[in-house]
file input15.tsv (TSV, C-alpha atoms)
chain	number	residue	atom	x	y	z
P	1245	MET	CA	162.44	63.98	79.45
P	1246	LYS	CA	159.60	65.73	77.61
P	1247	PHE	CA	157.55	65.57	80.76
P	1248	MET	CA	160.38	67.18	82.76
P	1249	ARG	CA	160.63	69.99	80.18
P	1250	LEU	CA	156.90	70.55	80.39
P	1251	ILE	CA	157.05	70.76	84.18
P	1252	PHE	CA	160.00	73.19	83.93
P	1253	CYS	CA	158.13	75.41	81.43
P	1254	CYS	CA	155.02	75.41	83.60
P	1255	LEU	CA	157.02	76.39	86.68
P	1256	LEU	CA	158.79	79.12	84.73
P	1257	ALA	CA	155.48	80.49	83.42
P	1258	ILE	CA	153.92	80.45	86.89
P	1259	SER	CA	156.97	82.16	88.37
P	1260	LEU	CA	157.03	84.84	85.64
P	1261	ASN	CA	153.31	85.42	86.01
P	1262	PHE	CA	153.69	85.77	89.77
P	1263	GLN	CA	156.57	88.22	89.38
P	1264	LEU	CA	154.66	90.29	86.81
P	1265	ASN	CA	151.57	90.45	89.03
P	1266	ALA	CA	153.69	91.15	92.09
P	1267	GLN	CA	154.75	94.41	90.47
P	1268	ASN	CA	151.38	95.82	91.40
P	1269	LEU	CA	151.41	98.02	94.44
P	1270	PHE	CA	149.03	97.77	97.38
P	1271	ILE	CA	148.55	100.76	99.69
P	1272	GLU	CA	146.49	100.67	102.87
P	1273	TYR	CA	145.47	104.01	104.38
P	1274	GLU	CA	144.15	104.78	107.85
P	1275	MET	CA	141.71	107.61	108.39
P	1276	ASP	CA	141.06	110.44	110.83
P	1277	ILE	CA	137.63	112.06	110.72
P	1278	GLU	CA	137.28	115.47	112.30
P	1279	PRO	CA	134.16	115.92	114.43
P	1280	ILE	CA	131.41	118.18	113.15
P	1281	ASP	CA	131.94	121.49	114.97
P	1282	LEU	CA	129.04	122.06	117.38
P	1283	ASN	CA	130.53	125.19	118.94
P	1284	THR	CA	129.44	127.48	116.14
P	1285	GLU	CA	126.84	130.26	116.09
P	1286	GLU	CA	124.52	128.07	113.95
P	1287	ALA	CA	124.79	125.17	116.41
P	1288	LYS	CA	123.51	127.34	119.28
P	1289	ASP	CA	119.97	127.27	117.89
P	1290	LEU	CA	119.88	123.53	117.25
P	1291	SER	CA	117.12	121.48	118.82
P	1292	PRO	CA	118.12	118.76	121.30
P	1293	GLN	CA	117.22	116.07	118.73
P	1294	VAL	CA	119.47	117.52	116.04
P	1295	LEU	CA	122.30	118.15	118.50
P	1296	SER	CA	122.11	114.59	119.76
P	1297	TYR	CA	122.09	113.33	116.14
P	1298	PHE	CA	125.33	115.19	115.35
P	1299	LYS	CA	126.95	114.17	118.66
P	1300	LYS	CA	126.10	110.53	117.96
P	1301	GLN	CA	127.51	110.84	114.46
P	1302	ASN	CA	130.75	112.33	115.84
P	1303	ARG	CA	131.07	109.43	118.30
P	1304	ASN	CA	130.34	106.85	115.60
P	1305	ASN	CA	132.83	108.41	113.20
P	1306	GLN	CA	135.56	108.28	115.83
P	1307	TYR	CA	134.79	104.63	116.52
P	1308	ILE	CA	134.48	103.55	112.88
P	1309	SER	CA	137.65	105.39	111.80
P	1310	GLN	CA	139.65	103.00	114.01
P	1311	PHE	CA	138.71	100.14	111.68
P	1312	LEU	CA	137.83	101.69	108.33
P	1313	ARG	CA	140.67	101.50	105.81
P	1314	VAL	CA	141.08	102.79	102.26
P	1315	LEU	CA	142.63	100.11	100.04
P	1316	VAL	CA	144.34	100.99	96.75
P	1317	VAL	CA	145.89	98.71	94.11
P	1318	SER	CA	147.96	100.20	91.30
P	1319	ASN	CA	149.68	98.66	88.26
P	1320	ARG	CA	151.64	101.91	87.63
P	1321	GLN	CA	149.34	103.32	84.90
P	1322	GLU	CA	145.98	102.72	86.54
P	1323	PHE	CA	144.60	102.07	89.99
P	1324	SER	CA	141.47	101.10	91.88
P	1325	MET	CA	140.28	102.02	95.34
P	1326	ALA	CA	137.78	100.44	97.75
P	1327	TYR	CA	136.99	100.60	101.44
P	1328	SER	CA	137.67	97.74	103.83
P	1329	GLU	CA	134.67	95.93	105.27
P	1330	VAL	CA	133.51	97.12	108.69
P	1331	MET	CA	131.23	94.76	110.57
P	1332	SER	CA	128.07	96.07	112.22
P	1333	LYS	CA	128.55	95.99	115.97
P	1334	ASP	CA	127.34	97.57	119.23
P	1335	GLY	CA	124.67	99.76	117.71
P	1336	ILE	CA	126.86	100.71	114.73
P	1337	GLY	CA	125.03	99.83	111.53
P	1338	GLN	CA	125.99	99.98	107.87
P	1339	SER	CA	124.27	103.37	107.52
P	1340	ASP	CA	126.70	104.71	110.18
P	1341	VAL	CA	129.62	103.20	108.25
P	1342	GLY	CA	128.24	104.85	105.11
P	1343	LEU	CA	128.21	108.25	106.86
P	1344	ALA	CA	131.80	107.74	108.04
P	1345	LYS	CA	132.89	106.88	104.50
P	1346	GLY	CA	130.99	109.93	103.30
P	1347	ALA	CA	133.11	112.13	105.55
P	1348	PHE	CA	136.10	111.32	103.30
P	1349	LEU	CA	134.85	110.10	99.93
P	1350	ASN	CA	131.28	109.13	99.14
P	1351	ALA	CA	132.16	106.18	96.94
P	1352	LYS	CA	131.66	102.47	96.67
P	1353	ALA	CA	134.85	102.18	94.63
P	1354	THR	CA	136.99	104.14	92.21
P	1355	TYR	CA	139.01	103.26	89.14
P	1356	GLY	CA	141.36	105.66	87.38
P	1357	ASN	CA	144.42	106.58	85.40
P	1358	ALA	CA	146.30	109.83	84.81
P	1359	ASN	CA	143.45	111.31	82.75
P	1360	ASN	CA	140.22	110.09	84.33
P	1361	ILE	CA	138.81	108.79	87.56
P	1362	TYR	CA	135.50	106.93	87.67
P	1363	ILE	CA	133.61	106.77	90.95
P	1364	SER	CA	130.81	104.30	91.60
P	1365	LYS	CA	128.22	105.18	94.22
P	1366	GLU	CA	126.71	102.88	96.85
P	1367	LYS	CA	123.27	104.51	96.83
P	1368	TYR	CA	123.14	105.38	93.13
P	1369	PRO	CA	124.28	102.24	91.28
P	1370	ASP	CA	123.06	103.56	87.90
P	1371	TYR	CA	125.42	106.53	87.99
P	1372	ILE	CA	129.18	106.94	87.64
P	1373	VAL	CA	130.97	110.17	88.49
P	1374	ASN	CA	133.86	111.08	86.21
P	1375	VAL	CA	136.60	113.48	87.35
P	1376	LYS	CA	139.23	114.82	84.96
P	1377	GLU	CA	142.09	116.15	87.06
P	1378	LYS	CA	143.87	118.04	84.29
P	1379	GLU	CA	140.74	120.09	83.60
P	1380	ALA	CA	140.07	120.73	87.29
P	1381	LEU	CA	143.36	121.91	88.74
P	1382	ASP	CA	147.08	122.62	88.58
P	1383	TRP	CA	149.57	121.65	91.25
P	1384	GLN	CA	151.86	123.73	93.35
P	1385	ILE	CA	154.57	121.31	94.48
P	1386	THR	CA	156.29	122.58	97.60
P	1387	SER	CA	159.69	121.71	99.07
P	1388	GLU	CA	158.00	120.60	102.30
P	1389	GLN	CA	158.83	116.96	103.02
P	1390	LYS	CA	157.43	114.29	105.28
P	1391	GLU	CA	158.07	110.59	105.88
P	1392	ILE	CA	154.96	108.44	105.45
P	1393	ALA	CA	155.17	104.65	105.83
P	1394	GLY	CA	158.92	104.77	105.27
P	1395	HIS	CA	158.76	106.89	102.09
P	1396	THR	CA	159.82	110.49	101.66
P	1397	CYS	CA	156.86	112.52	100.44
P	1398	PHE	CA	156.45	116.03	99.06
P	1399	LYS	CA	153.50	118.27	99.79
P	1400	ALA	CA	151.39	119.36	96.81
P	1401	ILE	CA	148.68	122.03	97.03
P	1402	PRO	CA	145.90	122.13	94.43
P	1403	LYS	CA	145.16	125.31	92.53
P	1404	PHE	CA	141.60	124.82	91.33
P	1405	LYS	CA	140.80	126.35	87.95
P	1406	SER	CA	137.26	127.27	88.95
P	1407	ASP	CA	135.21	127.71	92.09
P	1408	GLU	CA	132.85	124.93	91.03
P	1409	ASN	CA	134.22	122.45	93.53
P	1410	LYS	CA	134.30	124.74	96.53
P	1411	ASP	CA	132.55	122.62	99.13
P	1412	LYS	CA	134.40	122.36	102.40
P	1413	ILE	CA	134.18	118.61	102.87
P	1414	TYR	CA	135.56	116.91	99.80
P	1415	ARG	CA	137.64	119.83	98.60
P	1416	LEU	CA	141.25	118.76	98.75
P	1417	GLU	CA	143.40	121.03	100.93
P	1418	TYR	CA	146.74	119.33	100.21
P	1419	LEU	CA	148.26	115.92	99.66
P	1420	TRP	CA	151.59	114.11	100.06
P	1421	PHE	CA	153.11	112.09	97.21
P	1422	SER	CA	156.22	109.96	96.98
P	1423	PRO	CA	158.37	110.32	93.82
P	1424	ALA	CA	160.12	107.05	94.77
P	1425	LEU	CA	156.88	105.18	94.10
P	1426	ASN	CA	156.36	105.66	90.38
P	1427	TYR	CA	152.71	104.61	90.36
P	1428	VAL	CA	149.43	106.36	89.57
P	1429	ALA	CA	147.62	105.85	92.87
P	1430	THR	CA	145.42	108.01	95.07
P	1431	PRO	CA	142.85	107.30	97.80
P	1432	SER	CA	140.43	109.92	96.45
P	1433	TYR	CA	139.63	112.14	93.45
P	1434	PHE	CA	142.94	113.88	92.85
P	1435	GLY	CA	146.66	113.24	92.60
P	1436	THR	CA	146.82	111.14	89.43
P	1437	THR	CA	148.93	113.63	87.45
P	1438	LEU	CA	151.64	113.89	90.11
P	1439	PRO	CA	154.95	112.04	89.66
P	1440	GLY	CA	154.41	109.44	92.38
P	1441	ALA	CA	151.80	107.63	94.45
P	1442	VAL	CA	149.74	109.71	96.89
P	1443	LEU	CA	150.40	108.58	100.48
P	1444	GLY	CA	148.59	111.33	102.39
P	1445	TYR	CA	145.40	113.25	101.55
P	1446	LYS	CA	143.70	116.02	103.56
P	1447	THR	CA	140.18	117.28	102.93
P	1448	GLY	CA	137.95	119.57	104.97
P	1449	LEU	CA	136.64	116.81	107.24
P	1450	ALA	CA	139.09	113.93	106.99
P	1451	GLU	CA	142.72	112.98	106.55
P	1452	VAL	CA	144.13	109.66	105.35
P	1453	ARG	CA	147.71	108.45	105.48
P	1454	ALA	CA	149.36	105.29	104.20
P	1455	ILE	CA	150.26	102.76	106.87
P	1456	ASN	CA	151.09	99.70	104.77
P	1457	ILE	CA	152.72	99.60	101.33
P	1458	LYS	CA	153.67	96.34	99.65
P	1459	ASP	CA	153.82	94.46	96.35
P	1460	THR	CA	150.70	92.52	95.56
P	1461	PRO	CA	149.49	89.90	93.10
P	1462	LYS	CA	146.05	91.57	93.17
P	1463	ASN	CA	144.84	93.23	90.01
P	1464	VAL	CA	143.31	96.64	89.55
P	1465	SER	CA	139.49	96.34	89.74
P	1466	LEU	CA	137.69	97.92	86.81
P	1467	ILE	CA	134.37	99.73	87.18
P	1468	SER	CA	131.85	98.83	84.54
P	1469	THR	CA	130.24	101.83	82.88
P	1470	ASP	CA	127.93	99.71	80.69
P	1471	GLY	CA	124.38	101.04	80.77
P	1472	LYS	CA	125.27	103.62	83.39
P	1473	LYS	CA	124.97	107.36	83.22
P	1474	ILE	CA	128.32	109.10	83.50
P	1475	LEU	CA	128.16	112.51	85.15
P	1476	SER	CA	130.79	115.06	86.04
P	1477	TYR	CA	131.29	116.01	89.70
P	1478	LYS	CA	129.21	119.14	89.11
P	1479	GLY	CA	126.59	117.21	87.11
P	1480	PHE	CA	126.15	114.65	89.90
P	1481	ASN	CA	125.80	117.40	92.52
P	1482	GLU	CA	123.10	119.01	90.35
P	1483	PHE	CA	121.36	115.64	89.95
P	1484	ILE	CA	121.17	115.24	93.75
P	1485	ALA	CA	120.07	118.88	94.13
P	1486	LYS	CA	117.20	118.20	91.73
P	1487	LYS	CA	116.20	115.09	93.69
P	1488	ALA	CA	116.14	117.11	96.92
P	1489	GLU	CA	114.17	119.95	95.32
P	1490	GLU	CA	111.58	117.48	93.96
P	1491	PHE	CA	111.18	115.96	97.43
P	1492	PHE	CA	110.86	119.32	99.17
P	1493	GLY	CA	108.39	120.46	96.51
P	1494	LYS	CA	106.09	117.56	97.30
P	1495	ASN	CA	106.36	117.81	101.11
Y	1168	MET	CA	68.43	107.17	156.28
Y	1169	GLU	CA	71.97	107.94	157.39
Y	1170	LYS	CA	73.16	104.73	155.68
Y	1171	ILE	CA	71.53	105.73	152.37
Y	1172	LYS	CA	73.22	109.16	152.52
Y	1173	ASN	CA	76.61	107.53	153.14
Y	1174	LEU	CA	76.03	105.12	150.29
Y	1175	LYS	CA	75.15	107.98	147.91
Y	1176	MET	CA	78.25	109.91	149.01
Y	1177	LYS	CA	80.46	106.88	148.43
Y	1178	LYS	CA	78.87	106.42	145.01
Y	1179	ASN	CA	79.54	110.08	144.13
Y	1180	ILE	CA	83.14	109.82	145.31
Y	1181	LEU	CA	83.60	106.70	143.21
Y	1182	LEU	CA	82.12	108.43	140.17
Y	1183	LEU	CA	84.35	111.48	140.72
Y	1184	PHE	CA	87.42	109.26	141.10
Y	1185	THR	CA	86.57	107.37	137.90
Y	1186	ALA	CA	86.03	110.63	136.00
Y	1187	LEU	CA	89.34	111.98	137.30
Y	1188	THR	CA	91.16	108.79	136.31
Y	1189	ILE	CA	89.72	108.93	132.78
Y	1190	PHE	CA	90.67	112.61	132.50
Y	1191	VAL	CA	94.26	111.99	133.68
Y	1192	LEU	CA	94.68	108.99	131.36
Y	1193	THR	CA	93.37	110.97	128.39
Y	1194	ALA	CA	95.33	114.13	129.08
Y	1195	PHE	CA	98.67	112.45	129.83
Y	1196	ASN	CA	98.37	109.48	127.54
Y	1197	THR	CA	101.77	107.77	127.77
Y	1198	ASN	CA	101.29	106.13	124.38
Y	1199	THR	CA	101.36	109.48	122.58
Y	1200	PRO	CA	104.64	109.60	120.64
Y	1201	GLN	CA	106.97	112.43	121.55
Y	1202	LEU	CA	108.13	112.66	117.96
Y	1203	SER	CA	105.66	112.97	115.15
Y	1204	SER	CA	106.66	112.22	111.58
Y	1205	SER	CA	106.18	115.89	110.69
Y	1206	SER	CA	108.64	116.96	113.37
Y	1207	CYS	CA	111.03	114.32	112.02
Y	1208	LEU	CA	110.78	116.00	108.64
Y	1209	ASP	CA	111.26	119.44	110.18
Y	1210	GLN	CA	114.39	118.30	112.00
Y	1211	ALA	CA	115.68	116.54	108.88
Y	1212	VAL	CA	115.22	119.73	106.87
Y	1213	ARG	CA	117.23	121.62	109.50
Y	1214	ILE	CA	119.98	119.01	109.25
Y	1215	TYR	CA	119.94	119.34	105.45
Y	1216	ASN	CA	120.30	123.12	105.71
Y	1217	ILE	CA	123.11	122.87	108.26
Y	1218	ALA	CA	124.96	120.31	106.12
Y	1219	MET	CA	124.53	122.53	103.05
Y	1220	HIS	CA	125.92	125.47	105.01
Y	1221	ASN	CA	128.83	123.47	106.47
Y	1222	THR	CA	129.81	122.00	103.12
Y	1223	ASN	CA	129.26	125.18	101.15
Y	1224	GLY	CA	126.73	123.48	98.91
Y	1225	ASN	CA	127.51	119.76	98.70
Y	1226	HIS	CA	124.06	118.37	97.95
Y	1227	GLU	CA	125.20	114.74	98.08
Y	1228	TYR	CA	126.51	115.07	101.63
Y	1229	ALA	CA	123.51	117.11	102.81
Y	1230	TRP	CA	120.99	114.77	101.15
Y	1231	GLY	CA	122.74	111.78	102.74
Y	1232	GLN	CA	122.48	113.38	106.19
Y	1233	PHE	CA	118.84	114.32	105.57
Y	1234	ASN	CA	117.86	110.78	104.57
Y	1235	ASP	CA	119.82	109.16	107.37
Y	1236	TYR	CA	118.14	111.35	110.00
Y	1237	LEU	CA	114.72	110.85	108.46
Y	1238	ASP	CA	115.20	107.06	108.40
Y	1239	SER	CA	116.37	106.84	112.01
Y	1240	CYS	CA	113.74	109.29	113.25
Y	1241	THR	CA	110.90	107.56	111.40
Y	1242	ASN	CA	112.01	104.24	112.90
Y	1243	VAL	CA	111.82	105.79	116.39
Y	1244	VAL	CA	108.31	107.11	115.70
Y	1245	GLN	CA	107.19	103.73	114.39
Y	1246	LEU	CA	108.59	101.99	117.47
Y	1247	GLU	CA	106.84	104.44	119.78
Y	1248	LEU	CA	103.54	103.99	117.95
Y	1249	GLN	CA	103.65	100.24	118.41
Y	1250	PRO	CA	101.31	99.11	121.22

call {"tool": "encode", "arguments": {"input": "input15.tsv", "output": "structure tokens"}}
result
Amino acid sequence: MKFMRLIFCCLLAISLNFQLNAQNLFIEYEMDIEPIDLNTEEAKDLSPQVLSYFKKQNRNNQYISQFLRVLVVSNRQEFSMAYSEVMSKDGIGQSDVGLAKGAFLNAKATYGNANNIYISKEKYPDYIVNVKEKEALDWQITSEQKEIAGHTCFKAIPKFKSDENKDKIYRLEYLWFSPALNYVATPSYFGTTLPGAVLGYKTGLAEVRAINIKDTPKNVSLISTDGKKILSYKGFNEFIAKKAEEFFGKN
Amino acid sequence: MEKIKNLKMKKNILLLFTALTIFVLTAFNTNTPQLSSSSCLDQAVRIYNIAMHNTNGNHEYAWGQFNDYLDSCTNVVQLELQP
């Protein structure tokens, strides 16, 4: 009898644990990468080598975006993001995949909550970029609606508090969030203070939209900040600028 | 006498042909790489500047493009330099 009770308790515990974990939300996003515009005044003077480099990159981005997915797991209060694996194939190497990722978000992974997002970098493992949404922007929530992956979404437009983050690639143009999904979840830097998971995200060079939303037993993946230098978005950009200046100074 | 003259002429023609061959091979040496590492750097700098312009100052993106081009270009030069 005792043995039966033990079995029952174990089954109950396993079932409860499964149900608790299953409350986490998994969102899979597909990606469109816009080609680099080669019909501009600046592009007219490009050498054949540079033109062919950009054309190749455009072709690779189109190919890779068919397979590259953004994967987000959220437990309501916090979330993590990572890219799906893309195998090297037919002359497409991991550096090409890295460039395609860089067209949307130059990150190995992210972890965040409503106040902070931490971004780890593939090429700079000793550094973590920290973005604080509340300090960076306010939202203008519009009445414009759209259905994404079976969920009604509202369009939100960022109103940046400064011109610091004014680059045309990663600067968020607008996003779509679903109030029915009461989770903190976004595929990129912003959207954590909105009342619902972000299901669509448009930047200067790329757009992602959710294609698969389901419960998951997977946990949010933390990013370790131990022994790493935490920089703001602006601070990291300045760090790279310094690296480039040092290189150009020597050559 | 006539035979000796012919022989000398043939020898001169042979020498001229050899000299011409050496000149052509030296002037149009097919092993000379079309891309030199300095031109790789020049092109990479152009790509950096274009990326900076397109992104309105995103150093990370521009630096990534610069390094990627430099890596691929340097690999091409190294391959071309191989015998």

call {"tool": "interface_residues", "arguments": {"input": "input15.tsv", "of": "chain P", "to": "chain Y", "cutoff": "9 Å", "atoms": "all atoms listed in the file", "output": "ChimeraX atom specification"}}
result
/P:1280,1286-1287,1290-1291,1293-1294,1297-1298,1339-1340,1343,1346-1347,1350,1409-1414,1448,1480-1485,1487-1488,1492,1495

call {"tool": "closest_residue", "arguments": {"input": "input15.tsv", "among": "Y:Lys1170, Y:Thr1241, Y:Leu1183, Y:Asn1234", "to": "Gly1342 in chain P", "atoms": "only C-alpha atoms"}}
result
Y:Asn1234

call {"tool": "closest_residue", "arguments": {"input": "input15.tsv", "among": "P:Asp1334, P:Leu1438, P:Lys1405, P:Trp1420", "to": "Ser1387 in chain P", "atoms": "only C-alpha atoms"}}
result
P:Trp1420

call {"tool": "atom_distance", "arguments": {"input": "input15.tsv", "atom1": "CA of Ile1392 in chain P", "atom2": "CA of Leu1349 in chain P"}}
result
20.9 Å

call {"tool": "atom_distance", "arguments": {"input": "input15.tsv", "atom1": "CA of Ile1385 in chain P", "atom2": "CA of Ala1400 in chain P"}}
result
4.4 Å
